[in-house]
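Some notes on the structure that comes next.
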Amino acid sequence: MTDLLNLAGDFPLLDRTVRGGKPLVYLDTGATSQKPAAVLEAERAFNSRHNAAVHRGAHQIAEEATEAYEGARAGVAQFVGADFGEIIWTKNATEGLNLVAYSFLNATLGRGGAEAERFRLNAGDEIVVTELEHHANLVPWQELAAKTGAVLRWIPVTPDGRLDLEQLDVISERTRVVAFTHASNVTGAITDTAPIVARAQEVGAYTVLDACQSAAHLPVNFAELGVDFAAFSGHKMLAPTGVGVLYGRRELLEAMPPVLTGGSMVEIVTMESTTFMPPPQRFEAGTQMVAQTVGMHAAVDYLTGIGMDKLAAHEDQLAGELLAGIAEVPGVRVLGPSSTQDRLAVVAFDVPGVHPHDVGQVLDDQGIAVRVGHHCAQPVHRAFGVHASTRASAGVYTSSSDIQAFIAGLHQVVKFFG
Amino acid sequence: MTDLLNLAGDFPLLDRTVRGGKPLVYLDTGATSQKPAAVLEAERAFNSRHNAAVHRGAHQIAEEATEAYEGARAGVAQFVGADFGEIIWTKNATEGLNLVAYSFLNATLGRGGAEAERFRLNAGDEIVVTELEHHANLVPWQELAAKTGAVLRWIPVTPDGRLDLEQLDVISERTRVVAFTHASNVTGAITDTAPIVARAQEVGAYTVLDACQSAAHLPVNFAELGVDFAAFSGHKMLAPTGVGVLYGRRELLEAMPPVLTGGSMVEIVTMESTTFMPPPQRFEAGTQMVAQTVGMHAAVDYLTGIGMDKLAAHEDQLAGELLAGIAEVPGVRVLGPSSTQDRLAVVAFDVPGVHPHDVGQVLDDQGIAVRVGHHCAQPVHRAFGVHASTRASAGVYTSSSDIQAFIAGLHQVVKFFG
Amino acid sequence: MEQLYQQVILDHSRQRSGEGELQAPDGESFQVNPTCGDECTVQVTLAEGAIDSLAWTGKGCSISQASLSLMYEMVHGQPVAEAEQLGETFRELIHNRGQELDEEKMDLLDDLGAFTGVGRYSARVKCALLGWMALRGALAQAQPTQA
Amino acid sequence: MEQLYQQVILDHSRQRSGEGELQAPDGESFQVNPTCGDECTVQVTLAEGAIDSLAWTGKGCSISQASLSLMYEMVHGQPVAEAEQLGETFRELIHNRGQELDEEKMDLLDDLGAFTGVGRYSARVKCALLGWMALRGALAQAQPTQA
Ligand SMILES: Cc1ncc(COP(=O)(O)O)c(C=O)c1O
Ligand SMILES: Cc1ncc(COP(=O)(O)O)c(C=O)c1O
């Protein structure tokens with residue numbers, strides 16, 4: 001049994017009450033996390049001391065802003081085992097995943113010249129995704145396939161909500177891209193990436209990892225994982241909204257055409273044509289979310305201060321408590337692995353005969369915030385034969401008493417609609 | 001003579017000092033504005049009271065977050081004379097302009113079905129931009145032209161840095177898009193939009209307005225201007241970084257295919273295909289910059305509280321002081337109109353024989369923050385026969401004594417390098 | 001809770017009226033609630049300016065199912081104009097943030113008044129209105145364009 | 001200000017050495033500073049492991065022009081290895097945030113020591129190094145690949 005962390009006091013929002021004075025029990029971290037005071041302070045300090053356009057001014061505040069912005073890049077790079085130049089700021093993970101797909105589209109349309117030819121997709125080429133994906137790592141690939149004539153194939157899920165690694169021969173010589181999640185936001189399953197990366201490398205396909213749920217809850221090192229690209233969002237890992245990261249292997253980024261174009265990513269612009277800067281600038285058009293990158297820096301510093309190993313152990317403990325508690329509520333079915341092995345503290349479940357909206361409403365009435373719906377992952381719900389589910393998810397600030405309150409609330413739900 | 005506003009006290013950053021204790025004179029608002037305490041407070045309050053995933057939860061905080069987010073949309077819509085559903089959140093203006101270009105590209109590639117056919121570009125179609133554009137409203141159109149086979153043409157600038165409205169026959173029956181700026185970030189010239197919009201409508205071309213500098217400094221009403229699309233950035237108008245707006249006429253947005261795809265913008269997702277929500281959601285994939293939209297709401301409320309007419313008059317006064325002061329510095333040439341008629345308080349200039357970096361450095365040494373370089377607008381600099389310039393730009397918090405300090409500093413520059 | 005989940009809502013969500021499909025509808029509309037993927041289809045036939053028959057299918061929460069069931073009971077057989085009027089009044093109630101409307105309107109709404117509490121929960125507004133949106137779509141399709 | 005704009009810098013920015021073009025360079029490199037669009041081209045010919053001739057063109061601020069001019073004076077005619085060594089040391093100085101390096105290195109840098117103050121202004125670092133980046137590029141092109 002691990003010693004649980006006790007950090008809720010760092011998070012201003014968590015001491016509020018809801019629905020007429022009930023203390024808030026926040027179990028919706030899988031959707032978005034709350035932010036520690038240290039993050040809010042960092043953003044505030046930037047805005048009231050160092051705010052200026054970065055990479056653009058010769059004046060002192062502009063220098064300070066540039067250092068804060070690039071310092072944040074360095075901090076995040078270190079946090080995920082990347083080089084400085086391999087970190088591209090995006091507004092969220094969704095943009096990061098789309099960025100890869102659109103850069104490949106642009107290459108296919110002849111942009112980026114000969115260097116970018118390796119990213120072109122032809123009719124008959126295949127893109128492999130998985131049935132477990134969040135829509136953010138599925139729909140952009142459907143769109144890319146539709147535009148290039150490539151064919152979409154997918155790795156199915158097992159009955160306990162994991163990627164079915166027996167079916168890796170979906171990845172073939174025709175496969176050009178393999179896009180898959182590092183951890184599911186529905187089943188909580190953590191992917192064993194090694195066989196997928198190995199298979200993709202064997203056939204020369206690019207790997208794109210959705211690290212939204214993993215980067216927030218586990219130690220990750222993209223260089224060690226050997227993936228080509230990875231995307232994650234700040235708001236899920238204690239950072240502000242409006243900032244995310246795309247990781248790309250330097251050698252690839254250097255050869256890829258830009259997607260968004262405009263200021264701060266060009267070298268020479270004439271009316272007729274434009275040359276582009278090297279990465280990461282090439283992919284950061286216009287004025288960026290500077291204050292939010294500073295918040296993101298503070299967030300990874302906060303997480304590093306705790307230690308991602310400790311955080312993972314903390315959440316592992318909570319996942320166990322969640323699973324054990326739910327198992328005692330009659331009839332409730334967990335959509336995902338029933339043990340904590342390779343699993344996040346993200347637990348979606350079905351209460352037969354009671355719609356998730358109604359489950360959520362009764363919990364909300366007791367001050368317990370969970371998420372209901374399809375969690376932006378309709379296919380995996382369909383695989384489980386349901387339409388939607390209720391999901392409880394924990395974070396660094398979650399305590400055992402939060403879990404207990406939730407389990408008690410769930411008993412109430414069953415009673416109310418029983 | 002107008003009564004000048006006296007609001008610097010509302011802006012925490014402005015009371016700081018630089019370069020060893022010199023009071024800051026901030027004349028770089030054209031690049032990015034400082035933020036009033038009211039904006040920082042609004043963001044902070046959201047983060048510490050109401051932060052949750054929007055449009056997704058059944059719990060109370062999620063409801064509050066959704067109301068804050070959509071309330072911000074309503075506030076901004078009103079501020080620019082748009083309907084609620086015509087406002088799309090973006091990370092910056094650059095993304096907004098790219099969004100239009102990529103939606104047209106997607107339509108050209110067959111996405112969006114028959115409804116979207118009207119946006120398809122064919123070889124020989126023309127896109128008209130202007131020599132005055134910021135790279136953000138030039139390079140995306142170069143890229144779209146290169147990908148679709150359309151031809152890029154442009155409206156030239158006059159010797160005093162305005163669009164040459166004598167040359168509107170660049171817009172022809174072949175023109176499909178006319179992209180132009182509402183106000184130049186280099187010359188400060190405010191565009192007389194009516195003849196351009198009329199000419200575009202005559203030939204059935206879509207109009208795309210870069211409203212980055214105008215929305216921040218003038219009353220604007222997109223419905224009255226009659227443009228089809230317009231983009232602007234929060235960070236230039238007292239709002240946080242990381243949030244911008246694309247305005248699009250509802251009828252057009254409803255027919256356009258999405259660009260970024262993922263969560264929160266879909267209806268039904270199967271592994272094979274996806275249907276999309278109506279606008280504005282269709283264009284807002286993934287978790288948005290919610291806290292920043294709340295900050296943007298507070299910013300437009302702050303501006304509305306002052307009155308955009310009053311702000312414009314305030315800045316008009318400062319523009320006059322800037323132009324008069326610069327005129328007395330021997331040899332200095334203003335790149336743009338020399339009177340305040342239809343002109344912002346954004347004044348770029350050339351000090352013959354002294355490179356803008358050196359100009360900026362000497363000013364910086366006196367605590368005066370200006371911008372140096374090409375200001376993301378190389379073509380207009382080329383039109384003026386220079387490579388780069390120094391730019392002083394004012395905002396709601398700028399005072400006459402800021403202008404005086406700057407003019408004194410400019411005399412110093414000439415002396416130092418004389 | 002009891003304010004939201006009135007007995008009539010719970011009853012209708014279990015014992016649903018009007019579920020089914022028509023063979024030859026004059027109008028039909030499919031609606032989705034994108035938050036949760038809940039969906040419904042409403043079909044109508046018209047005769048002499050009235051809703052001659054109505055049927056619906058769908059999956060969703062107790063609020064959306066009860067709303068469809070009660071809608072069926074209240075509008076089927078009624079003149080189109082009255083059904084539309086009722087829909088407008090119901091929308092007004094649901095957007096009233098948990099407050100009742102005036103007496104006349106509450107009288108008109110009858111059992112639909114049980115949904116008053118839904119208005120307090122903005123995330124549930126769409127649930128209550130989903131069926132009514134589909135009804136509006138189905139009626140629009142069934143009627144000759146009024147231009 | 002005087003710390004940044006040392007007299008030697010001001011002098012070299014006005015009286016520039018080495019500006020021009022070579023007829024048949026062995027290596028050449030074009031560099032841009034994207035902030036301001038400043039650019040320069042450096043050309044070299046090599047002979048017996050030394051920089052036989054060097055010429056540059058460019059437009060830019062006093063710092064970048066003076067840096068190119070002084071670079072010309074110090075490396076032209078010098079062995080490639082020494083020029084590269086000097087470039088490394090100069091880069092180290094410029095990244096030292098306005099502090100001098102150890103005596104030995106400052107001796108090596110000689111007049112280039114005048115650029116020490118540039119390191120205090122991070123926005124100007126690129127200006128001071130632009131010419132040296134071009135030199136590195138030109139030398140790389142001129143030399144048979146060392147693999
Ligand atoms: C006229 C104009 N257009 C476009 C932009 C681009 O705005 P952003 O960098 O916020 O996307 C700017 C500001 O840099 C601008 O001044
Ligand atoms: C697994 C997973 N992928 C992608 C996303 C998309 O992230 P965002 O909405 O921040 O772009 C999410 C979160 O919603 C997620 O949980």
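In the structure tokens, chains take letters A, B, ... by order of appearance, with residues numbered from 1 within each chain and ligands from 1 in the order shown.
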> When the cut-off is 9 Å and you count only C-alpha atoms and all ligand atoms, which residues lie near ligand 2, shown as JSON, numbers by chain?
Replying inline: {"A": [30, 31, 32, 91, 92, 93, 94, 95, 96, 97, 132, 133, 134, 135, 136, 137, 181, 182, 183, 184, 185, 186, 210, 211, 212, 213, 214, 231, 232, 233, 234, 235, 236, 241, 242, 243, 244, 375, 376, 377], "B": [53, 262, 263, 264, 285, 286, 287, 288]}
>> I'd like the contact shell of Ser69 (chain C) - 6 Å cut-off, only C-alpha atoms, skipping same-chain residues fewer than 2 positions apart - returned as a ChimeraX atom specification.
In response: /C:16-17,66-67,71-72
With N, CA, C and O atoms kept, could you save the residues just selected as a PDB file, in the first residue's frame?
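This went into result_13.pdb:
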ATOM      1  N   ARG C  16     -43.122   3.948 -21.830  1.00  0.00           N
ATOM      2  CA  ARG C  16     -43.061   4.988 -22.855  1.00  0.00           C
ATOM      3  C   ARG C  16     -44.207   4.857 -23.855  1.00  0.00           C
ATOM      4  O   ARG C  16     -44.492   3.757 -24.337  1.00  0.00           O
ATOM      5  N   SER C  17     -44.854   5.972 -24.169  1.00  0.00           N
ATOM      6  CA  SER C  17     -45.936   6.002 -25.158  1.00  0.00           C
ATOM      7  C   SER C  17     -45.406   6.434 -26.513  1.00  0.00           C
ATOM      8  O   SER C  17     -44.577   7.342 -26.588  1.00  0.00           O
ATOM      9  N   ALA C  66     -38.731  10.484 -21.398  1.00  0.00           N
ATOM     10  CA  ALA C  66     -40.011  10.928 -20.837  1.00  0.00           C
ATOM     11  C   ALA C  66     -40.568  12.083 -21.652  1.00  0.00           C
ATOM     12  O   ALA C  66     -41.779  12.189 -21.879  1.00  0.00           O
ATOM     13  N   SER C  67     -39.689  12.943 -22.116  1.00  0.00           N
ATOM     14  CA  SER C  67     -40.124  14.090 -22.903  1.00  0.00           C
ATOM     15  C   SER C  67     -40.763  13.618 -24.208  1.00  0.00           C
ATOM     16  O   SER C  67     -41.827  14.105 -24.621  1.00  0.00           O
ATOM     17  N   MET C  71     -44.632  14.018 -25.047  1.00  0.00           N
ATOM     18  CA  MET C  71     -44.909  14.763 -26.277  1.00  0.00           C
ATOM     19  C   MET C  71     -45.902  13.984 -27.128  1.00  0.00           C
ATOM     20  O   MET C  71     -46.882  14.528 -27.627  1.00  0.00           O
ATOM     21  N   TYR C  72     -45.621  12.690 -27.254  1.00  0.00           N
ATOM     22  CA  TYR C  72     -46.529  11.853 -28.034  1.00  0.00           C
ATOM     23  C   TYR C  72     -47.956  11.989 -27.515  1.00  0.00           C
ATOM     24  O   TYR C  72     -48.889  12.253 -28.264  1.00  0.00           O
TER      25      TYR C  72
END
>> I'd like to know which of C:Glu2, C:Asp38, C:Glu28, C:Glu19 is closest to chain B, using only C-alpha atoms.
In response: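 So, comparing all the options, the nearest one is C:Asp38.
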>> Residues within 7 Å of Leu54 (chain D), please, as a VMD selection string. Count only C-alpha atoms; anything in the same chain fewer than 2 positions from it doesn't count.
In response: chain D and resid 43 to 45 51 to 52 56 72 76
>> Could you go through region 31-121 of chain C and tell me which residues DSSP, when run on the backbone, assigns to strand (DSSP E or B), listing them as a list in words?
In response: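 Going through region 31-121 of chain C, the strand (DSSP E or B) residues come out as Gln31, Val32, Asn33, Asp38, Glu39, Cys40, Thr41, Val42, Gln43, Val44, Thr45, Leu46, Ala47, Ala50, Ile51, Asp52, Ser53, Leu54, Ala55, Trp56, Thr57, Gly58, Lys59 and Pro79 of chain C.
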Write the residues of the preceding selection, restricted to N, CA and C atoms, as a tab-separated table (two decimals), in the first residue's frame.
chain	number	residue	atom	x	y	z
C	31	GLN	N	-32.46	13.52	-34.78
C	31	GLN	CA	-31.69	14.50	-34.01
C	31	GLN	C	-30.71	13.81	-33.08
C	32	VAL	N	-29.56	14.44	-32.91
C	32	VAL	CA	-28.53	13.89	-32.03
C	32	VAL	C	-28.16	14.91	-30.97
C	33	ASN	N	-27.93	14.44	-29.79
C	33	ASN	CA	-27.34	15.28	-28.75
C	33	ASN	C	-25.84	14.97	-28.72
C	38	ASP	N	-26.82	10.71	-27.68
C	38	ASP	CA	-28.23	10.31	-27.64
C	38	ASP	C	-28.91	10.76	-28.92
C	39	GLU	N	-29.87	9.98	-29.37
C	39	GLU	CA	-30.48	10.31	-30.64
C	39	GLU	C	-31.95	9.93	-30.62
C	40	CYS	N	-32.72	10.57	-31.49
C	40	CYS	CA	-34.10	10.15	-31.66
C	40	CYS	C	-34.57	10.48	-33.06
C	41	THR	N	-35.57	9.72	-33.50
C	41	THR	CA	-36.22	9.98	-34.78
C	41	THR	C	-37.71	10.14	-34.49
C	42	VAL	N	-38.28	11.19	-35.03
C	42	VAL	CA	-39.73	11.39	-34.90
C	42	VAL	C	-40.34	11.38	-36.30
C	43	GLN	N	-41.43	10.63	-36.42
C	43	GLN	CA	-42.14	10.56	-37.70
C	43	GLN	C	-43.58	11.02	-37.52
C	44	VAL	N	-44.13	11.68	-38.52
C	44	VAL	CA	-45.53	12.11	-38.46
C	44	VAL	C	-46.23	11.86	-39.79
C	45	THR	N	-47.52	11.67	-39.69
C	45	THR	CA	-48.38	11.87	-40.86
C	45	THR	C	-49.39	12.94	-40.50
C	46	LEU	N	-49.82	13.70	-41.49
C	46	LEU	CA	-50.77	14.79	-41.26
C	46	LEU	C	-52.08	14.48	-41.97
C	47	ALA	N	-53.14	15.01	-41.41
C	47	ALA	CA	-54.43	14.95	-42.11
C	47	ALA	C	-55.24	16.16	-41.69
C	50	ALA	N	-53.93	18.46	-39.01
C	50	ALA	CA	-53.64	17.90	-37.69
C	50	ALA	C	-52.62	16.77	-37.80
C	51	ILE	N	-52.00	16.46	-36.67
C	51	ILE	CA	-51.05	15.35	-36.63
C	51	ILE	C	-51.86	14.07	-36.55
C	52	ASP	N	-51.94	13.38	-37.64
C	52	ASP	CA	-52.79	12.20	-37.70
C	52	ASP	C	-52.14	11.04	-36.94
C	53	SER	N	-50.88	10.83	-37.19
C	53	SER	CA	-50.17	9.83	-36.39
C	53	SER	C	-48.75	10.29	-36.15
C	54	LEU	N	-48.17	9.80	-35.07
C	54	LEU	CA	-46.82	10.18	-34.67
C	54	LEU	C	-46.18	8.95	-34.04
C	55	ALA	N	-44.91	8.74	-34.38
C	55	ALA	CA	-44.18	7.65	-33.73
C	55	ALA	C	-42.73	8.07	-33.57
C	56	TRP	N	-42.09	7.51	-32.59
C	56	TRP	CA	-40.69	7.89	-32.37
C	56	TRP	C	-39.86	6.68	-31.94
C	57	THR	N	-38.58	6.76	-32.24
C	57	THR	CA	-37.62	5.80	-31.70
C	57	THR	C	-36.45	6.61	-31.18
C	58	GLY	N	-35.70	6.00	-30.29
C	58	GLY	CA	-34.55	6.76	-29.79
C	58	GLY	C	-33.92	6.07	-28.61
C	59	LYS	N	-32.71	6.52	-28.29
C	59	LYS	CA	-32.11	6.06	-27.06
C	59	LYS	C	-31.64	7.30	-26.32
C	79	PRO	N	-54.18	19.54	-33.76
C	79	PRO	CA	-53.85	20.42	-34.90
C	79	PRO	C	-52.37	20.80	-34.87
Quick one: everything within 6 Å of region 351-356 of chain B, counting only C-alpha atoms, minus sequence neighbours fewer than 6 positions away in the same chain. Send it as a compact mmCIF listing (two decimals) with N, CA, C and O atoms, in the first residue's frame.
# COMPACT_ATOMS: atom_id res chain seq x y z
N VAL B 332 14.41 61.71 -40.55
CA VAL B 332 13.60 60.52 -40.33
C VAL B 332 12.40 60.50 -41.28
O VAL B 332 11.71 61.50 -41.45
N VAL B 372 11.26 46.61 -33.75
CA VAL B 372 12.16 46.79 -34.89
C VAL B 372 12.13 45.54 -35.74
O VAL B 372 11.89 44.45 -35.24
N SER B 389 12.16 48.37 -40.33
CA SER B 389 11.89 49.71 -39.80
C SER B 389 11.75 49.64 -38.29
O SER B 389 11.76 48.56 -37.70
N THR B 390 11.62 50.81 -37.70
CA THR B 390 11.33 50.90 -36.27
C THR B 390 9.87 51.34 -36.17
O THR B 390 9.42 52.15 -36.98
N CYS D 61 22.42 45.37 -39.01
CA CYS D 61 22.66 46.40 -38.01
C CYS D 61 24.15 46.56 -37.76
O CYS D 61 24.98 45.80 -38.28
> What residues in chain B have any atom no more than 6 Å from chain D when counting only C-alpha atoms, and can you write them as number ranges by chain?
Replying inline: B: 355, 357, 373-374
Writing out the chosen residues with C-alpha atoms as a PDB file, in the first residue's frame:
ATOM      1  CA  HIS B 355      19.650  50.169 -38.689  1.00  0.00           C
ATOM      2  CA  HIS B 357      18.014  47.245 -34.417  1.00  0.00           C
ATOM      3  CA  GLY B 373      12.327  44.580 -37.931  1.00  0.00           C
ATOM      4  CA  HIS B 374       9.929  43.891 -40.761  1.00  0.00           C
TER       5      HIS B 374
END
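Take the candidates B:Thr17, B:Thr148, B:Thr207, B:Ser393 and check each one against ligand 1 using only C-alpha atoms and all ligand atoms; the shortest distance goes to B:Ser393.
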>> List as a PyMOL selection string the protein and nucleic acid residues near Ala324 (chain B), meaning an atom at most 12 Å away when only C-alpha atoms are counted, but skip any in the same chain fewer than 3 places from it.
In response: chain B and resi 317-321+327-329+332+334+338-340+347+403-404+407
> In Å, how far is it from CA of Ser401 (chain A) to CA of Leu5 (chain A)?
Replying inline: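 Interatomic distance, CA of Ser401 (chain A) to CA of Leu5 (chain A): 12.5 Å.
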> So which one's closest to chain A, B:Val266, B:Leu163, B:Val76, B:Val203? Using only C-alpha atoms, please.
Replying inline: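 Selected residue with least distance to chain A: B:Val266.
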> Got a sec: who's within 7 Å of Ala37 (chain B), counting only C-alpha atoms, leaving out chain neighbours fewer than 4 positions off, as number ranges by chain?
Replying inline: B: 10-12, 41
>> Can you measure CA of Asp364 (chain B) to CA of Gly418 (chain B) for me? One decimal in Å is fine.
In response: 18.0 Å
Need the shell around Asp15 (chain A): protein/DNA/RNA residues with any atom at most 10 Å away, counting only C-alpha atoms. Skip same-chain ones fewer than 3 positions apart. Format as an mmCIF file with all heavy atoms, in the first residue's frame?
data_model
loop_
_atom_site.group_PDB
_atom_site.id
_atom_site.type_symbol
_atom_site.label_atom_id
_atom_site.label_comp_id
_atom_site.auth_asym_id
_atom_site.auth_seq_id
_atom_site.Cartn_x
_atom_site.Cartn_y
_atom_site.Cartn_z
ATOM 1 N N ALA A 8 -4.437 18.349 -2.217
ATOM 2 C CA ALA A 8 -5.628 19.100 -2.630
ATOM 3 C C ALA A 8 -5.535 20.561 -2.223
ATOM 4 O O ALA A 8 -6.042 21.448 -2.928
ATOM 5 C CB ALA A 8 -6.880 18.459 -2.046
ATOM 6 N N GLY A 9 -4.849 20.832 -1.117
ATOM 7 C CA GLY A 9 -4.728 22.208 -0.637
ATOM 8 C C GLY A 9 -4.011 23.141 -1.605
ATOM 9 O O GLY A 9 -4.150 24.359 -1.534
ATOM 10 N N ASP A 10 -3.242 22.567 -2.536
ATOM 11 C CA ASP A 10 -2.552 23.403 -3.527
ATOM 12 C C ASP A 10 -3.483 23.901 -4.623
ATOM 13 O O ASP A 10 -3.074 24.712 -5.452
ATOM 14 C CB ASP A 10 -1.428 22.601 -4.210
ATOM 15 C CG ASP A 10 -0.278 22.299 -3.267
ATOM 16 O OD1 ASP A 10 -0.274 22.853 -2.148
ATOM 17 O OD2 ASP A 10 0.611 21.514 -3.639
ATOM 18 N N PHE A 11 -4.706 23.378 -4.657
ATOM 19 C CA PHE A 11 -5.586 23.640 -5.794
ATOM 20 C C PHE A 11 -6.791 24.479 -5.372
ATOM 21 O O PHE A 11 -7.738 23.965 -4.776
ATOM 22 C CB PHE A 11 -6.036 22.302 -6.404
ATOM 23 C CG PHE A 11 -4.909 21.543 -7.026
ATOM 24 C CD1 PHE A 11 -3.992 20.840 -6.236
ATOM 25 C CD2 PHE A 11 -4.706 21.570 -8.403
ATOM 26 C CE1 PHE A 11 -2.920 20.170 -6.812
ATOM 27 C CE2 PHE A 11 -3.637 20.902 -8.983
ATOM 28 C CZ PHE A 11 -2.736 20.196 -8.178
ATOM 29 N N PRO A 12 -6.740 25.765 -5.682
ATOM 30 C CA PRO A 12 -7.776 26.679 -5.172
ATOM 31 C C PRO A 12 -9.198 26.225 -5.467
ATOM 32 O O PRO A 12 -10.073 26.368 -4.613
ATOM 33 C CB PRO A 12 -7.467 27.998 -5.900
ATOM 34 C CG PRO A 12 -6.047 27.919 -6.312
ATOM 35 C CD PRO A 12 -5.717 26.475 -6.470
ATOM 36 N N PRO A 23 -19.653 19.934 -0.445
ATOM 37 C CA PRO A 23 -18.240 20.005 -0.829
ATOM 38 C C PRO A 23 -18.031 19.300 -2.170
ATOM 39 O O PRO A 23 -18.635 18.259 -2.434
ATOM 40 C CB PRO A 23 -17.504 19.267 0.296
ATOM 41 C CG PRO A 23 -18.537 18.635 1.145
ATOM 42 C CD PRO A 23 -19.866 19.217 0.816
ATOM 43 N N LEU A 24 -17.197 19.886 -2.993
ATOM 44 C CA LEU A 24 -16.960 19.330 -4.324
ATOM 45 C C LEU A 24 -16.072 18.088 -4.257
ATOM 46 O O LEU A 24 -15.021 18.092 -3.613
ATOM 47 C CB LEU A 24 -16.270 20.391 -5.195
ATOM 48 C CG LEU A 24 -15.748 19.910 -6.553
ATOM 49 C CD1 LEU A 24 -16.900 19.528 -7.480
ATOM 50 C CD2 LEU A 24 -14.888 20.998 -7.201
ATOM 51 N N VAL A 25 -16.512 17.035 -4.929
ATOM 52 C CA VAL A 25 -15.671 15.847 -5.132
ATOM 53 C C VAL A 25 -15.411 15.784 -6.633
ATOM 54 O O VAL A 25 -16.297 15.460 -7.414
ATOM 55 C CB VAL A 25 -16.392 14.575 -4.662
ATOM 56 C CG1 VAL A 25 -15.562 13.335 -4.989
ATOM 57 C CG2 VAL A 25 -16.675 14.665 -3.168
ATOM 58 N N SER B 48 -9.923 29.476 -10.744
ATOM 59 C CA SER B 48 -9.972 28.999 -9.365
ATOM 60 C C SER B 48 -11.400 28.750 -8.870
ATOM 61 O O SER B 48 -11.579 28.303 -7.740
ATOM 62 C CB SER B 48 -9.198 29.935 -8.431
ATOM 63 O OG SER B 48 -9.610 31.245 -8.604
ATOM 64 N N ARG B 49 -12.406 29.007 -9.743
ATOM 65 C CA ARG B 49 -13.791 28.745 -9.334
ATOM 66 C C ARG B 49 -14.581 27.881 -10.317
ATOM 67 O O ARG B 49 -15.391 27.065 -9.900
ATOM 68 C CB ARG B 49 -14.560 30.078 -9.168
ATOM 69 C CG ARG B 49 -14.089 30.993 -8.057
ATOM 70 C CD ARG B 49 -14.490 30.502 -6.685
ATOM 71 N NE ARG B 49 -13.398 29.765 -6.053
ATOM 72 C CZ ARG B 49 -13.474 29.145 -4.881
ATOM 73 N NH1 ARG B 49 -14.592 29.173 -4.184
ATOM 74 N NH2 ARG B 49 -12.451 28.473 -4.400
#
> Which distance in Å separates CA of Phe417 (chain B) and CA of Ser400 (chain B), to one decimal?
Replying inline: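 Between CA of Phe417 (chain B) and CA of Ser400 (chain B) the gap is 26.1 Å.
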> Looking at B:Met296, B:Met237, B:Ala62, B:Ala74, which one is nearest to chain A, with distances taken over only C-alpha atoms?
Replying inline: B:Ala62
> Pick from B:Phe349, B:Phe180, B:Trp141, B:Tyr206: nearest to chain A, with only C-alpha atoms counted?
Replying inline: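 Ranking B:Phe349, B:Phe180, B:Trp141, B:Tyr206 by distance to chain A, first place goes to B:Trp141.
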